[in-house]
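**Student:** Have a look at this one.
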Amino acid sequence: MSTPPAPCVTLSYKRLPNDKDVLLDFYPPMTSGDPPIKKVPAVVFFITGNRRFFFPTWLQKRVNSLGYAFISADHQLLPGTGHDMLNDVRDLFKYIAENHFTYRKTTFEIDPEKIVVAGGCSGGFLAQLAAVHITSPKPKGVLALYAMGGDFFVSDNDLTSLVDPNHLKTFLPPFPEGFPAPTSDVPPTFDPTTGFVTEPRMALTSLSLQLGIWLDYYTGEFKPSLSKTLRDALDARVPYLTIRDLIPERHRSLFPTFLVNASWPPTLLVHGTADTAVPILSSRRMNILLKNAGVDVQLIEVEGKEHLFDIEQNADVEFAGVFDKVEEFLKTCMQK
């Protein structure tokens with residue numbers, strides 16, 4: 001397990017069938033006074049692969065300084081399905097509603113009426129799932145950093161040379177060693193030459209995108225391949241609205257773009273224009289969908305910046321203006 005970036009409490013919010021825990025880290029807010037239990041707002045942040053890697057220290061520090069708790073949560077990884085991930089989102093919010101959090105001698109209760117859900121990359125996509133499926137009460141806002149999910153039905157990701165399929169054979173259909181056991185937390189490892197992620201569970205997202213089969217993993221529809229069905233339909237110029245009907249009804253709740261309406265919480269999208277991992281088209285498309293539904297939404301485009309730009313060295317200085325806007329968004333959401 002990696003070292004936490006700041007003092008925190010680590011807790012299990014659920015246990016998988018193979019007895020693996022799915023963990024969260026609770027970062028306490030900076031507060032004054034000493035009541036027996038402090039009721040505080042919270043930002044719930046999803047990180048894919050390891051909740052302490054690709055960690056937005058800048059956000060955690062700003063959130064805690066506002067007097068809010070910051071909760072960084074793991075979730076199940078591919079080849080787990082979107083249904084598994086959605087269950088994680090629901091179970092996490094249930095855990096938060098039913099439990100207090102004690103740090104040293106102070107106990108905190110999360111105010112269910114003052115939660116902003118957030119995430120980066122696929123974690124930002126889980127934040128969008130929470131916007132749809134967490135309803136009692138709904139999150140006060142959604143912060144999505146370079147998030148997937150704005151439009152899965154395109155083929156513009158230039159990922160053809162990132163991952164060698166031979167390194168992940170056991171994670172590819174027909175799964176020669178059996179379907180991999182579920183897990184939510186893996187140690188990040190990288191190729192020293194290319195800098196690309198080599199840990200199989202973390203590399204699998206990139207590989208499935210470059211092979212054009214990510215939607216098969218996400219829905220569990222390998223035979224027949226849902227990705228191929230949709231790709232053939234797009235090649236045949238089937239109208240976009242018809243694409244939804246080609247997805248089995250049991251999976252449609254996994255696609256936030258199909259579920260956007262005026263009840264969606266206020267949303268801030270942040271994305272680099274030069275992102276090659278998740279092209280900015282994803283956030284631009286979501287921005288349009290939300291605006292058309294009458295949702296309070298803003299898209300901040302960070303010119304010329306790649307994926308994970310906000311955790312680069314000196315990001316606090318270079319992107320201070322962007323981070324200030326994020327902080328103002330959070331304060332506005334919590335005051336409503």
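By convention here, the chains of the structure tokens are called A, B, ... in the order presented, each chain's residues are numbered starting at 1, and ligands are numbered starting at 1 in the order presented.
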For range 137-148 of chain A, please output as a PyMOL selection string all residues within 6 Å (counting only C-alpha atoms; exclusion window: fewer than 6 positions along the same chain).
**Tutor:** chain A and resi 114-122+124-125+265-271+333
**Student:** Give me the residues of range 170-236 of chain A that have any atom at most 12 Å from an atom of range 6-25 of chain A; for each, the nearest atom pair and the distance in Å, rounded to one decimal. Use only C-alpha atoms, sort by chain and number, and format it as a Markdown table.
**Tutor:**
```
| residue | atom | partner | partner_atom | distance |
| --- | --- | --- | --- | --- |
| A:Pro180 | CA | A:Asn18 | CA | 11.2 |
| A:Ala181 | CA | A:Asn18 | CA | 7.4 |
| A:Pro182 | CA | A:Leu16 | CA | 7.3 |
| A:Thr183 | CA | A:Lys20 | CA | 6.8 |
| A:Ser184 | CA | A:Val22 | CA | 6.0 |
| A:Asp185 | CA | A:Val22 | CA | 7.5 |
| A:Val186 | CA | A:Val22 | CA | 11.2 |
```
**Student:** I need the residues of range 52-171 of chain A that end up classed as alpha helix (DSSP H) by DSSP on the backbone, written out as a compact mmCIF listing (two decimals) with N, CA and C atoms, in the first residue's frame.
**Tutor:**
```
# COMPACT_ATOMS: atom_id res chain seq x y z
N THR A 57 -3.33 16.30 -4.71
CA THR A 57 -3.01 16.93 -3.42
C THR A 57 -3.52 18.36 -3.37
N TRP A 58 -3.43 19.05 -4.50
CA TRP A 58 -3.89 20.44 -4.54
C TRP A 58 -5.36 20.54 -4.15
N LEU A 59 -6.17 19.57 -4.61
CA LEU A 59 -7.60 19.59 -4.32
C LEU A 59 -7.87 19.21 -2.87
N GLN A 60 -7.20 18.17 -2.41
CA GLN A 60 -7.39 17.73 -1.02
C GLN A 60 -7.06 18.85 -0.05
N LYS A 61 -5.96 19.57 -0.28
CA LYS A 61 -5.57 20.66 0.61
C LYS A 61 -6.59 21.79 0.60
N ARG A 62 -7.06 22.14 -0.58
CA ARG A 62 -8.04 23.22 -0.67
C ARG A 62 -9.37 22.82 -0.04
N VAL A 63 -9.78 21.58 -0.27
CA VAL A 63 -11.04 21.09 0.31
C VAL A 63 -10.97 21.11 1.83
N ASN A 64 -9.88 20.58 2.39
CA ASN A 64 -9.75 20.55 3.85
C ASN A 64 -9.65 21.95 4.44
N SER A 65 -8.99 22.87 3.73
CA SER A 65 -8.86 24.23 4.26
C SER A 65 -10.20 24.96 4.28
N GLY A 82 -19.16 -2.30 -15.44
CA GLY A 82 -19.77 -1.06 -14.97
C GLY A 82 -20.79 -1.30 -13.88
N HIS A 83 -21.45 -2.45 -13.91
CA HIS A 83 -22.41 -2.78 -12.86
C HIS A 83 -21.69 -2.92 -11.51
N ASP A 84 -20.50 -3.52 -11.53
CA ASP A 84 -19.70 -3.64 -10.31
C ASP A 84 -19.31 -2.25 -9.81
N MET A 85 -18.89 -1.39 -10.72
CA MET A 85 -18.46 -0.04 -10.33
C MET A 85 -19.63 0.78 -9.80
N LEU A 86 -20.78 0.65 -10.44
CA LEU A 86 -21.96 1.37 -9.96
C LEU A 86 -22.36 0.88 -8.57
N ASN A 87 -22.26 -0.41 -8.33
CA ASN A 87 -22.53 -0.93 -6.99
C ASN A 87 -21.56 -0.35 -5.97
N ASP A 88 -20.30 -0.17 -6.38
CA ASP A 88 -19.33 0.46 -5.48
C ASP A 88 -19.76 1.88 -5.12
N VAL A 89 -20.20 2.63 -6.12
CA VAL A 89 -20.66 4.00 -5.86
C VAL A 89 -21.80 4.00 -4.85
N ARG A 90 -22.77 3.14 -5.08
CA ARG A 90 -23.91 3.08 -4.17
C ARG A 90 -23.48 2.64 -2.76
N ASP A 91 -22.61 1.62 -2.69
CA ASP A 91 -22.18 1.13 -1.39
C ASP A 91 -21.35 2.17 -0.64
N LEU A 92 -20.56 2.94 -1.38
CA LEU A 92 -19.77 4.00 -0.73
C LEU A 92 -20.68 5.05 -0.11
N PHE A 93 -21.67 5.50 -0.84
CA PHE A 93 -22.57 6.52 -0.30
C PHE A 93 -23.39 5.97 0.86
N LYS A 94 -23.74 4.70 0.81
CA LYS A 94 -24.44 4.08 1.93
C LYS A 94 -23.54 4.05 3.17
N TYR A 95 -22.29 3.71 2.96
CA TYR A 95 -21.34 3.66 4.08
C TYR A 95 -21.18 5.06 4.69
N ILE A 96 -21.04 6.06 3.85
CA ILE A 96 -20.87 7.43 4.34
C ILE A 96 -22.09 7.87 5.14
N ALA A 97 -23.27 7.50 4.68
CA ALA A 97 -24.50 7.90 5.37
C ALA A 97 -24.66 7.22 6.72
N GLU A 98 -24.12 6.01 6.86
CA GLU A 98 -24.38 5.21 8.05
C GLU A 98 -23.25 5.22 9.07
N SER A 122 -11.41 7.97 -15.49
CA SER A 122 -12.56 7.10 -15.29
C SER A 122 -13.21 7.36 -13.93
N GLY A 123 -12.43 7.91 -12.97
CA GLY A 123 -13.04 8.33 -11.71
C GLY A 123 -14.02 9.47 -11.91
N GLY A 124 -13.73 10.35 -12.88
CA GLY A 124 -14.68 11.40 -13.22
C GLY A 124 -15.94 10.84 -13.82
N PHE A 125 -15.79 9.73 -14.54
CA PHE A 125 -16.97 9.06 -15.09
C PHE A 125 -17.82 8.48 -13.97
N LEU A 126 -17.18 7.91 -12.93
CA LEU A 126 -17.95 7.41 -11.80
C LEU A 126 -18.67 8.55 -11.08
N ALA A 127 -18.07 9.73 -11.06
CA ALA A 127 -18.75 10.88 -10.48
C ALA A 127 -20.03 11.19 -11.26
N GLN A 128 -19.97 11.01 -12.58
CA GLN A 128 -21.18 11.22 -13.39
C GLN A 128 -22.22 10.15 -13.10
N LEU A 129 -21.78 8.91 -12.89
CA LEU A 129 -22.73 7.86 -12.50
C LEU A 129 -23.41 8.22 -11.18
N ALA A 130 -22.64 8.77 -10.25
CA ALA A 130 -23.23 9.18 -8.97
C ALA A 130 -24.25 10.30 -9.17
N ALA A 131 -23.99 11.19 -10.12
CA ALA A 131 -24.93 12.28 -10.40
C ALA A 131 -26.30 11.74 -10.80
N VAL A 132 -26.30 10.59 -11.46
CA VAL A 132 -27.55 9.99 -11.95
C VAL A 132 -28.19 9.10 -10.88
N HIS A 133 -27.37 8.28 -10.22
CA HIS A 133 -27.91 7.18 -9.42
C HIS A 133 -27.98 7.44 -7.92
```
**Student:** Name the residues in contact with Thr205 in chain A at a cut-off of 8 Å, using only C-alpha atoms, excluding same-chain residues fewer than 3 positions from it; report them as a list in words.
**Tutor:**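 Non-adjacent residues within range: Leu78, Arg201, Met202, Ser208, Leu209 and Trp214 of chain A.
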**Student:** So what do you get for CA of Met334 in chain A versus CA of Glu301 in chain A, distance-wise?
**Tutor:** 23.7 Å
**Student:** Please measure the separation of CA of Val260 in chain A and CA of Ala73 in chain A, giving the value in Å to one decimal.
**Tutor:** 24.4 Å
